[in-house]
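Pasted below: protein15.cif, mmCIF, C-alpha atoms.
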```
data_model
#
loop_
_atom_site.label_atom_id
_atom_site.label_comp_id
_atom_site.auth_asym_id
_atom_site.auth_seq_id
_atom_site.Cartn_x
_atom_site.Cartn_y
_atom_site.Cartn_z
CA MET A 1 -2.13 -69.28 -54.70
CA ALA A 2 -3.88 -71.94 -52.72
CA TRP A 3 -0.86 -72.19 -50.42
CA ARG A 4 -1.03 -68.46 -49.75
CA GLY A 5 -4.68 -68.68 -48.88
CA CYS A 6 -3.97 -71.57 -46.53
CA CYS A 7 -1.18 -69.63 -44.88
CA CYS A 8 -3.40 -66.61 -44.40
CA SER A 9 -6.22 -68.72 -42.99
CA SER A 10 -3.87 -70.35 -40.48
CA LEU A 11 -2.55 -66.97 -39.36
CA GLY A 12 -6.07 -65.75 -38.91
CA HIS A 13 -6.60 -68.17 -36.03
CA LEU A 14 -3.51 -66.91 -34.15
CA ASN A 15 -3.48 -63.77 -32.08
CA GLU A 16 -0.37 -61.67 -31.72
CA ASP A 17 0.82 -63.21 -28.46
CA ASN A 18 0.58 -66.80 -29.73
CA ALA A 19 2.30 -65.89 -32.99
CA ARG A 20 5.11 -64.19 -31.08
CA PHE A 21 5.51 -67.21 -28.78
CA LEU A 22 5.64 -69.72 -31.66
CA LEU A 23 8.07 -67.60 -33.65
CA LEU A 24 10.36 -67.19 -30.64
CA ALA A 25 10.28 -70.95 -29.96
CA ALA A 26 11.19 -71.67 -33.59
CA LEU A 27 14.04 -69.14 -33.52
CA ILE A 28 15.42 -70.57 -30.27
CA ILE A 29 15.39 -74.11 -31.69
CA LEU A 30 17.12 -72.86 -34.84
CA TYR A 31 19.66 -70.98 -32.71
CA MET A 32 20.38 -74.12 -30.69
CA LEU A 33 20.83 -76.23 -33.83
CA CYS A 34 23.28 -73.71 -35.27
CA GLY A 35 25.18 -73.53 -31.96
CA ALA A 36 25.39 -77.32 -31.74
CA ALA A 37 26.78 -77.50 -35.27
CA VAL A 38 29.43 -74.86 -34.55
CA PHE A 39 30.57 -76.31 -31.20
CA SER A 40 30.63 -79.82 -32.62
CA ALA A 41 32.85 -78.71 -35.50
CA ILE A 42 35.21 -76.87 -33.14
CA GLU A 43 35.42 -79.18 -30.12
CA LEU A 44 34.91 -82.71 -31.50
CA PRO A 45 38.43 -83.11 -32.98
CA THR A 46 39.99 -82.02 -29.68
CA GLU A 47 37.81 -84.48 -27.75
CA ARG A 48 38.84 -87.38 -29.98
CA GLU A 49 42.50 -86.46 -29.70
CA ALA A 50 42.30 -86.25 -25.88
CA LYS A 51 40.50 -89.60 -25.74
CA GLU A 52 43.20 -91.29 -27.81
CA LYS A 53 45.97 -89.86 -25.60
CA TRP A 54 44.19 -90.96 -22.44
CA GLU A 55 43.67 -94.49 -23.77
CA GLU A 56 47.38 -94.73 -24.61
CA ARG A 57 48.45 -93.52 -21.16
CA PHE A 58 45.93 -95.82 -19.50
CA VAL A 59 47.36 -98.88 -21.26
CA ASN A 60 50.98 -97.89 -20.58
CA PHE A 61 50.30 -97.28 -16.87
CA SER A 62 48.49 -100.61 -16.39
CA GLN A 63 51.30 -102.50 -18.12
CA ARG A 64 54.07 -100.68 -16.25
CA HIS A 65 52.54 -101.41 -12.81
CA ASN A 66 51.17 -104.83 -13.72
CA LEU A 67 47.56 -103.84 -13.11
CA SER A 68 44.56 -105.21 -14.89
CA ARG A 69 42.29 -102.86 -16.77
CA ALA A 70 39.34 -103.65 -14.48
CA GLU A 71 41.31 -102.91 -11.29
CA LEU A 72 42.52 -99.56 -12.58
CA GLN A 73 39.03 -98.59 -13.70
CA ASP A 74 37.61 -99.45 -10.27
CA PHE A 75 40.23 -97.25 -8.64
CA LEU A 76 39.40 -94.33 -10.92
CA ARG A 77 35.68 -94.72 -10.17
CA GLU A 78 36.44 -94.53 -6.44
CA TYR A 79 38.34 -91.31 -7.03
CA GLN A 80 35.41 -89.86 -8.97
CA GLU A 81 33.15 -90.60 -6.01
CA ALA A 82 35.64 -88.97 -3.66
CA SER A 83 35.86 -85.88 -5.87
CA VAL A 84 32.11 -85.40 -5.49
CA ALA A 85 32.67 -85.09 -1.74
CA GLY A 86 35.30 -82.41 -2.35
CA ILE A 87 38.49 -84.53 -2.39
CA ARG A 88 41.10 -83.39 -4.89
CA VAL A 89 44.69 -84.35 -5.68
CA ASP A 90 45.96 -80.83 -5.07
CA ASP A 91 45.63 -79.11 -1.73
CA ILE A 92 42.43 -77.05 -1.76
CA ARG A 93 40.43 -75.11 0.79
CA PRO A 94 37.93 -76.97 2.99
CA ARG A 95 34.57 -77.16 1.27
CA TRP A 96 32.23 -77.15 4.25
CA ASP A 97 33.76 -74.80 6.79
CA PHE A 98 31.84 -71.55 7.22
CA THR A 99 33.68 -69.63 4.47
CA GLY A 100 33.42 -72.57 2.08
CA ALA A 101 29.72 -73.01 2.85
CA PHE A 102 29.14 -69.28 2.34
CA TYR A 103 30.81 -69.52 -1.08
CA PHE A 104 28.52 -72.49 -1.86
CA VAL A 105 25.28 -70.72 -0.90
CA GLY A 106 26.41 -67.74 -2.97
CA THR A 107 26.62 -69.97 -6.05
CA VAL A 108 23.18 -71.40 -5.19
CA VAL A 109 21.17 -68.20 -4.73
CA SER A 110 22.87 -66.53 -7.71
CA THR A 111 22.03 -69.62 -9.84
CA ILE A 112 25.70 -69.92 -10.88
CA GLY A 113 26.11 -73.48 -9.57
CA PHE A 114 29.77 -74.19 -10.36
CA GLY A 115 29.37 -77.80 -9.23
CA MET A 116 32.69 -78.09 -7.40
CA THR A 117 30.78 -78.36 -4.10
CA THR A 118 27.55 -80.31 -3.75
CA PRO A 119 25.72 -81.71 -0.71
CA ALA A 120 26.45 -85.41 -0.17
CA THR A 121 23.93 -86.17 2.60
CA VAL A 122 20.17 -86.65 2.25
CA GLY A 123 19.49 -83.89 4.77
CA GLY A 124 21.71 -81.47 2.86
CA LYS A 125 19.96 -82.24 -0.44
CA ILE A 126 16.50 -81.77 1.08
CA PHE A 127 17.51 -78.49 2.71
CA LEU A 128 19.02 -77.30 -0.60
CA ILE A 129 15.69 -77.74 -2.40
CA PHE A 130 13.80 -75.40 -0.06
CA TYR A 131 16.75 -73.07 0.50
CA GLY A 132 17.33 -72.59 -3.22
CA LEU A 133 13.63 -72.07 -3.94
CA ILE A 134 13.46 -68.98 -1.74
CA GLY A 135 17.04 -67.81 -2.25
CA CYS A 136 16.95 -67.89 -6.06
CA ALA A 137 13.61 -66.06 -6.16
CA GLY A 138 14.88 -63.36 -3.79
CA THR A 139 18.11 -62.89 -5.74
CA ILE A 140 16.27 -62.58 -9.06
CA LEU A 141 14.08 -59.91 -7.46
CA PHE A 142 17.25 -58.14 -6.30
CA PHE A 143 18.64 -58.17 -9.85
CA ASN A 144 15.40 -56.71 -11.23
CA LEU A 145 15.41 -53.96 -8.60
CA PHE A 146 19.04 -53.26 -9.48
CA LEU A 147 18.00 -52.63 -13.08
CA GLU A 148 15.20 -50.32 -11.92
CA ARG A 149 17.62 -48.34 -9.74
CA LEU A 150 20.03 -48.05 -12.66
CA ILE A 151 17.29 -46.72 -14.93
CA THR A 152 16.26 -44.21 -12.25
CA VAL A 153 19.86 -42.99 -11.88
CA ILE A 154 20.21 -42.58 -15.66
CA ALA A 155 16.93 -40.69 -15.82
CA TYR A 156 18.01 -38.42 -12.97
CA ILE A 157 21.32 -37.67 -14.70
CA MET A 158 19.57 -36.92 -18.01
CA LYS A 159 17.09 -34.60 -16.28
CA SER A 160 19.84 -32.84 -14.31
CA CYS A 161 21.95 -32.26 -17.43
CA HIS A 162 18.94 -30.88 -19.30
CA GLU A 163 18.06 -28.52 -16.44
CA ARG A 164 21.66 -27.34 -16.26
CA GLN A 165 21.61 -26.49 -19.96
CA LEU A 166 18.35 -24.59 -19.51
CA ARG A 167 19.84 -22.62 -16.61
CA ARG A 168 22.83 -21.68 -18.73
CA LYS A 169 20.51 -20.42 -21.45
CA GLY A 170 18.49 -18.47 -18.87
CA VAL A 171 15.26 -20.35 -19.60
CA LEU A 172 15.06 -21.96 -16.15
CA PRO A 173 15.55 -19.89 -12.97
CA HIS A 174 18.70 -20.69 -11.01
CA ASP A 175 16.84 -20.82 -7.71
CA SER A 176 14.44 -23.54 -8.83
CA ARG A 177 14.59 -26.63 -6.68
CA ARG A 178 13.36 -30.12 -7.29
CA GLY A 179 10.77 -31.69 -5.05
CA SER A 180 11.12 -34.80 -2.98
CA GLY A 181 9.24 -38.03 -2.44
CA ASN A 182 6.56 -38.91 -4.95
CA SER A 183 6.96 -35.61 -6.79
CA GLU A 184 10.58 -36.50 -7.53
CA VAL A 185 9.55 -39.88 -8.94
CA ASP A 186 6.81 -38.29 -11.04
CA SER A 187 9.25 -35.70 -12.36
CA LEU A 188 11.45 -38.51 -13.73
CA ALA A 189 8.57 -40.24 -15.50
CA GLY A 190 9.25 -38.47 -18.78
CA TRP A 191 13.00 -39.05 -18.65
CA LYS A 192 13.18 -42.82 -19.06
CA PRO A 193 16.20 -43.60 -21.25
CA SER A 194 16.13 -45.52 -24.48
CA VAL A 195 16.61 -49.27 -24.27
CA TYR A 196 19.65 -49.00 -26.53
CA TYR A 197 21.21 -46.39 -24.27
CA VAL A 198 20.79 -48.64 -21.24
CA MET A 199 22.14 -51.61 -23.17
CA LEU A 200 25.25 -49.63 -24.13
CA ILE A 201 25.85 -48.58 -20.52
CA LEU A 202 25.47 -52.15 -19.25
CA CYS A 203 27.80 -53.49 -21.96
CA VAL A 204 30.50 -50.98 -21.04
CA ALA A 205 30.06 -51.63 -17.31
CA SER A 206 30.23 -55.42 -17.80
CA LEU A 207 33.34 -55.09 -19.94
CA ILE A 208 35.10 -52.87 -17.40
CA ILE A 209 34.24 -55.20 -14.49
CA SER A 210 35.37 -58.26 -16.46
CA CYS A 211 38.68 -56.67 -17.45
CA CYS A 212 39.42 -55.54 -13.88
CA ALA A 213 38.47 -58.93 -12.43
CA SER A 214 40.61 -60.73 -15.02
CA ALA A 215 43.56 -58.55 -14.08
CA MET A 216 43.10 -59.79 -10.50
CA TYR A 217 42.57 -63.49 -11.36
CA THR A 218 45.49 -63.83 -13.78
CA PRO A 219 48.40 -63.43 -11.29
CA ILE A 220 46.63 -64.93 -8.26
CA GLU A 221 44.99 -68.01 -9.83
CA GLY A 222 47.71 -68.56 -12.43
CA TRP A 223 45.27 -68.45 -15.35
CA SER A 224 45.89 -66.79 -18.67
CA TYR A 225 44.14 -63.47 -19.21
CA PHE A 226 41.86 -65.02 -21.83
CA ASP A 227 40.89 -67.84 -19.45
CA SER A 228 40.17 -65.22 -16.80
CA LEU A 229 37.85 -63.36 -19.20
CA TYR A 230 36.20 -66.66 -20.05
CA PHE A 231 35.65 -67.40 -16.35
CA CYS A 232 34.18 -63.93 -15.82
CA PHE A 233 31.57 -64.42 -18.51
CA VAL A 234 30.68 -67.94 -17.38
CA ALA A 235 30.36 -66.83 -13.77
CA PHE A 236 28.70 -63.45 -14.34
CA SER A 237 26.13 -64.93 -16.73
CA THR A 238 25.34 -67.63 -14.09
CA ILE A 239 26.22 -70.41 -16.54
CA GLY A 240 28.78 -71.81 -14.10
CA PHE A 241 30.42 -74.75 -15.87
CA GLY A 242 32.85 -75.36 -13.03
CA ASP A 243 35.94 -75.99 -15.17
CA LEU A 244 37.47 -72.82 -13.73
CA VAL A 245 36.50 -71.74 -10.20
CA SER A 246 38.06 -68.86 -8.30
CA SER A 247 39.21 -68.84 -4.67
CA GLN A 248 39.59 -72.61 -4.31
CA ASN A 249 43.24 -72.97 -3.25
CA ALA A 250 44.07 -73.48 0.39
CA GLN A 251 46.32 -70.43 0.68
CA TYR A 252 46.68 -67.16 -1.19
CA GLU A 253 48.73 -64.05 -0.74
CA SER A 254 46.48 -61.48 0.96
CA GLN A 255 43.84 -64.18 1.18
CA GLY A 256 41.19 -62.14 2.98
CA LEU A 257 41.50 -59.20 0.61
CA TYR A 258 41.40 -61.49 -2.43
CA ARG A 259 38.26 -63.31 -1.30
CA PHE A 260 36.53 -60.02 -0.59
CA GLY A 261 37.49 -58.71 -4.03
CA ASN A 262 36.31 -61.95 -5.61
CA PHE A 263 32.92 -61.57 -3.89
CA VAL A 264 32.52 -57.94 -4.97
CA PHE A 265 33.48 -58.61 -8.60
CA ILE A 266 31.12 -61.57 -8.91
CA LEU A 267 28.25 -59.63 -7.32
CA MET A 268 28.73 -56.59 -9.57
CA GLY A 269 29.28 -58.72 -12.65
CA VAL A 270 26.18 -60.85 -12.12
CA CYS A 271 24.04 -57.74 -11.58
CA CYS A 272 25.27 -56.11 -14.79
CA ILE A 273 25.09 -59.22 -16.98
CA TYR A 274 21.65 -60.22 -15.69
CA SER A 275 20.35 -56.71 -16.33
CA LEU A 276 21.95 -56.80 -19.77
CA PHE A 277 20.10 -60.04 -20.52
CA ASN A 278 16.82 -58.37 -19.56
CA VAL A 279 17.49 -55.43 -21.85
CA ILE A 280 18.57 -57.66 -24.75
CA SER A 281 15.36 -59.66 -24.34
CA ILE A 282 13.43 -56.42 -24.98
CA VAL A 283 15.38 -55.89 -28.20
CA ILE A 284 14.74 -59.50 -29.24
CA LYS A 285 11.02 -59.06 -28.62
CA GLN A 286 11.03 -55.91 -30.74
CA SER A 287 12.77 -57.83 -33.53
CA ILE A 288 10.11 -60.53 -33.33
CA ASN A 289 7.38 -57.89 -33.47
CA TRP A 290 9.07 -56.42 -36.56
CA ILE A 291 9.15 -59.85 -38.21
CA LEU A 292 5.47 -60.39 -37.41
CA LYS A 293 4.63 -56.99 -38.86
CA LYS A 294 6.47 -57.84 -42.08
CA LEU A 295 4.60 -61.14 -42.29
CA ASP A 296 1.29 -59.35 -41.69
CA CYS A 297 1.97 -56.91 -44.50
CA ARG A 298 2.22 -59.80 -46.96
CA CYS A 299 -1.19 -61.15 -46.01
CA CYS A 300 -4.36 -60.04 -47.68
CA PRO A 301 -6.38 -57.23 -46.01
CA ARG A 302 -9.16 -59.65 -45.08
CA CYS A 303 -6.75 -61.87 -43.13
CA GLN A 304 -5.16 -58.83 -41.49
CA ARG A 305 -8.53 -57.87 -40.11
CA LYS A 306 -9.00 -61.39 -38.78
CA PHE A 307 -5.58 -61.38 -37.20
CA PHE A 308 -6.04 -58.10 -35.36
CA ARG A 309 -9.69 -58.62 -34.51
CA SER A 310 -8.69 -60.96 -31.68
CA ARG A 311 -7.37 -58.03 -29.67
CA ARG A 312 -9.73 -55.28 -28.64
CA ASN A 313 -8.86 -51.65 -29.39
CA VAL A 314 -5.68 -52.69 -31.16
CA VAL A 315 -4.15 -50.20 -33.60
CA MET A 316 -4.09 -51.49 -37.16
CA PRO A 317 -0.71 -51.34 -38.97
CA GLY A 318 -2.02 -48.62 -41.27
CA ASN A 319 -2.88 -46.39 -38.32
CA VAL A 320 0.56 -46.57 -36.73
CA ARG A 321 2.45 -43.44 -37.62
CA SER A 322 6.10 -42.53 -37.19
CA ARG A 323 8.03 -44.56 -34.64
CA ARG A 324 9.86 -43.15 -31.66
CA ASN A 325 12.61 -44.56 -29.46
CA ILE A 326 11.89 -47.68 -27.48
CA SER A 327 11.33 -46.94 -23.82
CA ILE A 328 13.11 -49.11 -21.29
CA GLU A 329 9.90 -49.44 -19.30
CA THR A 330 7.95 -51.00 -22.17
CA ASP A 331 8.63 -53.60 -24.80
CA GLY A 332 6.90 -51.60 -27.51
CA VAL A 333 7.58 -48.55 -29.60
CA ASN A 334 4.69 -46.22 -28.82
CA GLU A 335 3.61 -42.81 -29.96
CA SER A 336 2.04 -42.14 -26.59
CA ASP A 337 0.66 -43.86 -23.52
CA THR A 338 -2.70 -44.08 -25.28
CA ASP A 339 -1.24 -46.05 -28.17
CA GLY A 340 0.61 -48.28 -25.73
CA ARG A 341 -2.59 -49.14 -23.87
CA ARG A 342 -4.45 -49.80 -27.08
CA LEU A 343 -1.63 -52.01 -28.36
CA SER A 344 -1.80 -54.04 -25.16
CA GLY A 345 -5.61 -54.28 -25.36
CA GLU A 346 -6.35 -52.28 -22.20
CA MET A 347 -9.34 -49.95 -22.03
CA ILE A 348 -7.98 -48.18 -18.94
CA SER A 349 -4.87 -49.07 -16.99
CA MET A 350 -4.79 -49.36 -13.22
CA LYS A 351 -2.26 -46.54 -13.11
CA ASP A 352 -4.68 -44.20 -14.92
CA PHE A 353 -7.54 -45.32 -12.72
CA LEU A 354 -5.64 -44.53 -9.51
CA ALA A 355 -4.35 -41.26 -10.88
CA SER A 356 -7.83 -40.22 -11.97
CA ASN A 357 -9.15 -40.74 -8.46
CA LYS A 358 -6.56 -38.30 -7.15
CA VAL A 359 -7.53 -35.53 -9.57
CA SER A 360 -11.25 -36.19 -10.05
CA LEU A 361 -12.24 -33.67 -7.38
CA ALA A 362 -10.12 -30.96 -8.98
CA ILE A 363 -11.63 -31.71 -12.39
CA MET A 364 -15.14 -31.52 -10.97
CA GLN A 365 -14.39 -28.19 -9.32
CA LYS A 366 -13.00 -26.85 -12.58
CA GLN A 367 -16.06 -27.94 -14.52
CA LEU A 368 -18.41 -26.39 -11.94
CA SER A 369 -16.40 -23.16 -12.05
CA GLU A 370 -16.56 -23.00 -15.85
CA THR A 371 -20.31 -23.65 -15.81
CA ALA A 372 -20.90 -20.96 -13.16
CA ASN A 373 -18.89 -18.44 -15.16
CA GLY A 374 -20.84 -19.19 -18.30
CA TYR A 375 -17.98 -20.99 -20.10
CA PRO A 376 -19.05 -24.58 -20.45
CA ARG A 377 -16.52 -27.06 -21.71
CA GLN A 378 -16.50 -27.35 -25.49
CA LEU A 379 -16.60 -30.76 -27.03
CA ASN A 380 -14.69 -31.45 -30.20
CA SER A 381 -16.53 -32.51 -33.31
CA SER A 382 -15.34 -36.09 -33.19
CA SER A 383 -16.58 -36.54 -29.62
CA LYS A 384 -19.98 -35.11 -30.51
CA HIS A 385 -20.21 -37.36 -33.52
CA ASN A 386 -19.38 -40.63 -31.86
CA GLY A 387 -21.31 -39.95 -28.68
CA PHE A 388 -18.52 -40.74 -26.23
CA SER A 389 -17.74 -37.72 -24.08
CA GLY A 390 -18.15 -36.26 -20.65
CA GLY A 391 -17.58 -37.74 -17.23
CA VAL A 392 -15.19 -37.13 -14.42
CA GLY A 393 -12.16 -39.16 -13.33
CA ALA A 394 -11.99 -42.77 -14.48
CA LEU A 395 -15.27 -42.47 -16.40
CA ALA A 396 -13.86 -39.57 -18.41
CA ILE A 397 -10.72 -41.52 -19.25
CA MET A 398 -12.78 -44.52 -20.37
CA ASN A 399 -15.00 -42.27 -22.51
CA ASN A 400 -11.90 -40.75 -24.09
CA ARG A 401 -10.57 -44.25 -24.87
CA LEU A 402 -13.88 -45.14 -26.55
CA ALA A 403 -13.84 -41.89 -28.47
CA GLU A 404 -10.29 -42.44 -29.71
CA THR A 405 -11.08 -46.01 -30.68
CA SER A 406 -14.23 -45.04 -32.54
CA VAL A 407 -12.34 -42.31 -34.44
CA ASP A 408 -9.65 -44.78 -35.53
CA ARG A 409 -12.29 -47.22 -36.66
#
```
Let me see the structure of the file written as structure tokens.
Amino acid sequence: MAWRGCCCSSLGHLNEDNARFLLLAALIILYMLCGAAVFSAIELPTEREAKEKWEERFVNFSQRHNLSRAELQDFLREYQEASVAGIRVDDIRPRWDFTGAFYFVGTVVSTIGFGMTTPATVGGKIFLIFYGLIGCAGTILFFNLFLERLITVIAYIMKSCHERQLRRKGVLPHDSRRGSGNSEVDSLAGWKPSVYYVMLILCVASLIISCCASAMYTPIEGWSYFDSLYFCFVAFSTIGFGDLVSSQNAQYESQGLYRFGNFVFILMGVCCIYSLFNVISIVIKQSINWILKKLDCRCCPRCQRKFFRSRRNVVMPGNVRSRRNISIETDGVNESDTDGRRLSGEMISMKDFLASNKVSLAIMQKQLSETANGYPRQLNSSSKHNGFSGGVGALAIMNNRLAETSVDR
């Protein structure tokens, strides 16, 4: 009983953001420990077997050619240094001609970093630091904008299909036309797809791109189809181990066409996988929020009040009603925009403030017209009771937020 009280008192000093951060850190560490145990159990026997075979071949070669162990080791170290500069036993493409350098900068800005080509000079290493700083940031922005464009396209398709169904039923006139510019963007605001729907689309797109790319790599690179799929995931997810790297031989059949296809597949794959990671992170955050909610329910009511008191205008768990689908634009499951703002602790968002400035004049004209016609605006009982009402534009929105908060309390 004392332990439970201690647990509740410790949770009382943490707000929701800190609790989420600590829980995520603990889960990541646990995930890494489990992954290390699995990979160690799978790969360690193979590593020991390969090490024993190499030691046996090393001894046989040194005895057959009458070389000392130290001399052979020195020679192998020199080869390792040469391999860093791009020297290989097999005939490969030049590393630092224009096409090779373009392939290198592509691995840099996409954060893949295969490692088969690295700068060997001091000037090249210094330039890489500044070049990668700007290039990686710009590419990450491109990936985020790609996800936004994808969401907009999905929303447009959903809205178009719904309007087509309404036209077939005769509810919507056939001659109705959609607007353009900002009105078109505003019309799609209520059609943001569910996060699970976007995740499914990205999974299917990534799988199709990987299968098509593997079908191209298998005959040209001489890899197995499974190794080609493995390369696609490592490359598209920007892990980039470097054990398998495409387009590195000196000559290929239809070399120009193959290198162009390789570039297109990697670009499309990285965009899809990176966007998929972003969407999965939203699902992970929702799972963490669910875990925190379950932990909060086990605490005493007094500690729950302490836990949620750190965030202003937050909705208590008892006040949250039925859940809806998770929107791709938010990381929360909200009943409405009002609940979303109150969950995030905002009194009034900048979006509402700017929007209110656009319509404040129209609201004022409407109020003046109602007053002149003898129909003043009626206030609801809750607004009269709590004293928060009235105002135009941003002030009205803020008063409404205070009124809603006071009613919940």
Once you count only C-alpha atoms, what closest atom pair and distance in Å to one decimal does each residue of range 42-150 of chain A within 9 Å of range 226-239 of chain A have, with rows by chain and rising residue number, as a Markdown table?
```
| residue | atom | partner | partner_atom | distance |
| --- | --- | --- | --- | --- |
| A:Thr107 | CA | A:Thr238 | CA | 8.5 |
| A:Ser110 | CA | A:Thr238 | CA | 6.9 |
| A:Thr111 | CA | A:Thr238 | CA | 5.7 |
| A:Ile112 | CA | A:Thr238 | CA | 4.0 |
| A:Gly113 | CA | A:Thr238 | CA | 7.4 |
| A:Phe114 | CA | A:Ile239 | CA | 8.1 |
```
Chain and number of each residue from the PyMOL selection byres ((chain A and resi 69-85) around 9), as a PDB file with C-alpha atoms, keeping the file's coordinate frame:
```
ATOM      1  CA  PHE A  58      45.930 -95.820 -19.500  1.00  0.00           C
ATOM      2  CA  VAL A  59      47.360 -98.880 -21.260  1.00  0.00           C
ATOM      3  CA  SER A  62      48.490-100.610 -16.390  1.00  0.00           C
ATOM      4  CA  LEU A  67      47.560-103.840 -13.110  1.00  0.00           C
ATOM      5  CA  SER A  68      44.560-105.210 -14.890  1.00  0.00           C
ATOM      6  CA  GLY A  86      35.300 -82.410  -2.350  1.00  0.00           C
ATOM      7  CA  ILE A  87      38.490 -84.530  -2.390  1.00  0.00           C
ATOM      8  CA  ARG A  88      41.100 -83.390  -4.890  1.00  0.00           C
ATOM      9  CA  VAL A  89      44.690 -84.350  -5.680  1.00  0.00           C
ATOM     10  CA  ARG A  95      34.570 -77.160   1.270  1.00  0.00           C
ATOM     11  CA  GLY A 115      29.370 -77.800  -9.230  1.00  0.00           C
ATOM     12  CA  MET A 116      32.690 -78.090  -7.400  1.00  0.00           C
ATOM     13  CA  THR A 117      30.780 -78.360  -4.100  1.00  0.00           C
ATOM     14  CA  THR A 118      27.550 -80.310  -3.750  1.00  0.00           C
ATOM     15  CA  PRO A 119      25.720 -81.710  -0.710  1.00  0.00           C
ATOM     16  CA  ALA A 120      26.450 -85.410  -0.170  1.00  0.00           C
TER      17      ALA A 120
END
```
Kindly resolve the PyMOL selection byres ((chain A and resi 267) around 12) on the present coordinates and return the residues as JSON, numbers by chain.
{"A": [103, 106, 107, 109, 110, 112, 139, 142, 143, 146, 206, 209, 210, 213, 232, 235, 236, 237, 238, 260, 261, 262, 263, 264, 265, 266, 268, 269, 270, 271, 272, 273, 274]}
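With only C-alpha atoms as the atoms that count, the residue of A:Ile288, A:Val171, A:Leu166, A:Ile282 with the shortest distance to Ala26 in chain A is A:Ile288.
Coordinates place CA of Gly256 in chain A at a distance of 18.1 Å from CA of Ser214 in chain A.
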Could you work out an axis-aligned box for range 61-75 of chain A, taking every atom the file lists and adding 5 Å on each side, and report centre and edge lengths in Å to one decimal, as JSON?
```
{"center_x": 45.8, "center_y": -101.2, "center_z": -13.4, "size_x": 26.5, "size_y": 18.0, "size_z": 19.5}
```
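Distances from A:Leu150, A:Cys161, A:Val105, A:Leu276 to Leu207 in chain A were compared using only C-alpha atoms, and the smallest one belongs to A:Leu276.
Note that the spacing between CA of Phe102 in chain A and CA of Ser247 in chain A amounts to 12.3 Å.
Candidate residues A:Arg20, A:Cys34, A:Thr218, A:Asn15 were compared for distance to Gln286 in chain A, and the nearest is A:Arg20, using all atoms listed in the file.
Among A:Val153, A:Leu145, A:Val279, A:Cys136, the residue with the shortest atom-to-atom distance to Cys203 in chain A, counting all atoms listed in the file, is A:Val279.
Computed from the coordinates, the CA of Gly135 in chain A to CA of Thr152 in chain A distance equals 25.6 Å.
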Please fill the gaps in range 57-66 of chain A so it has N, CA, C and O atoms, and write that as an mmCIF file, keeping the file's coordinate frame.
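The file below, rebuild.cif, is the result:
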```
data_model
loop_
_atom_site.group_PDB
_atom_site.id
_atom_site.type_symbol
_atom_site.label_atom_id
_atom_site.label_comp_id
_atom_site.auth_asym_id
_atom_site.auth_seq_id
_atom_site.Cartn_x
_atom_site.Cartn_y
_atom_site.Cartn_z
ATOM 1 N N ARG A 57 47.854 -93.622 -22.500
ATOM 2 C CA ARG A 57 48.450 -93.520 -21.160
ATOM 3 C C ARG A 57 47.854 -94.543 -20.216
ATOM 4 O O ARG A 57 48.544 -95.069 -19.346
ATOM 5 N N PHE A 58 46.588 -94.832 -20.353
ATOM 6 C CA PHE A 58 45.930 -95.820 -19.500
ATOM 7 C C PHE A 58 46.553 -97.202 -19.711
ATOM 8 O O PHE A 58 46.855 -97.934 -18.742
ATOM 9 N N VAL A 59 46.765 -97.552 -20.957
ATOM 10 C CA VAL A 59 47.360 -98.880 -21.260
ATOM 11 C C VAL A 59 48.794 -98.930 -20.776
ATOM 12 O O VAL A 59 49.228 -99.934 -20.171
ATOM 13 N N ASN A 60 49.573 -97.898 -21.004
ATOM 14 C CA ASN A 60 50.980 -97.890 -20.580
ATOM 15 C C ASN A 60 51.089 -97.976 -19.050
ATOM 16 O O ASN A 60 51.962 -98.690 -18.524
ATOM 17 N N PHE A 61 50.232 -97.243 -18.328
ATOM 18 C CA PHE A 61 50.300 -97.280 -16.870
ATOM 19 C C PHE A 61 49.933 -98.660 -16.329
ATOM 20 O O PHE A 61 50.580 -99.156 -15.392
ATOM 21 N N SER A 62 48.895 -99.274 -16.862
ATOM 22 C CA SER A 62 48.490 -100.610 -16.390
ATOM 23 C C SER A 62 49.558 -101.651 -16.671
ATOM 24 O O SER A 62 49.801 -102.549 -15.852
ATOM 25 N N GLN A 63 50.234 -101.545 -17.807
ATOM 26 C CA GLN A 63 51.300 -102.500 -18.120
ATOM 27 C C GLN A 63 52.535 -102.253 -17.265
ATOM 28 O O GLN A 63 53.199 -103.206 -16.823
ATOM 29 N N ARG A 64 52.868 -100.993 -17.017
ATOM 30 C CA ARG A 64 54.070 -100.680 -16.250
ATOM 31 C C ARG A 64 53.932 -101.147 -14.801
ATOM 32 O O ARG A 64 54.901 -101.596 -14.195
ATOM 33 N N HIS A 65 52.735 -101.041 -14.213
ATOM 34 C CA HIS A 65 52.540 -101.410 -12.810
ATOM 35 C C HIS A 65 51.835 -102.758 -12.655
ATOM 36 O O HIS A 65 51.407 -103.100 -11.556
ATOM 37 N N ASN A 66 51.732 -103.471 -13.741
ATOM 38 C CA ASN A 66 51.170 -104.830 -13.720
ATOM 39 C C ASN A 66 49.778 -104.832 -13.087
ATOM 40 O O ASN A 66 49.462 -105.609 -12.177
#
```
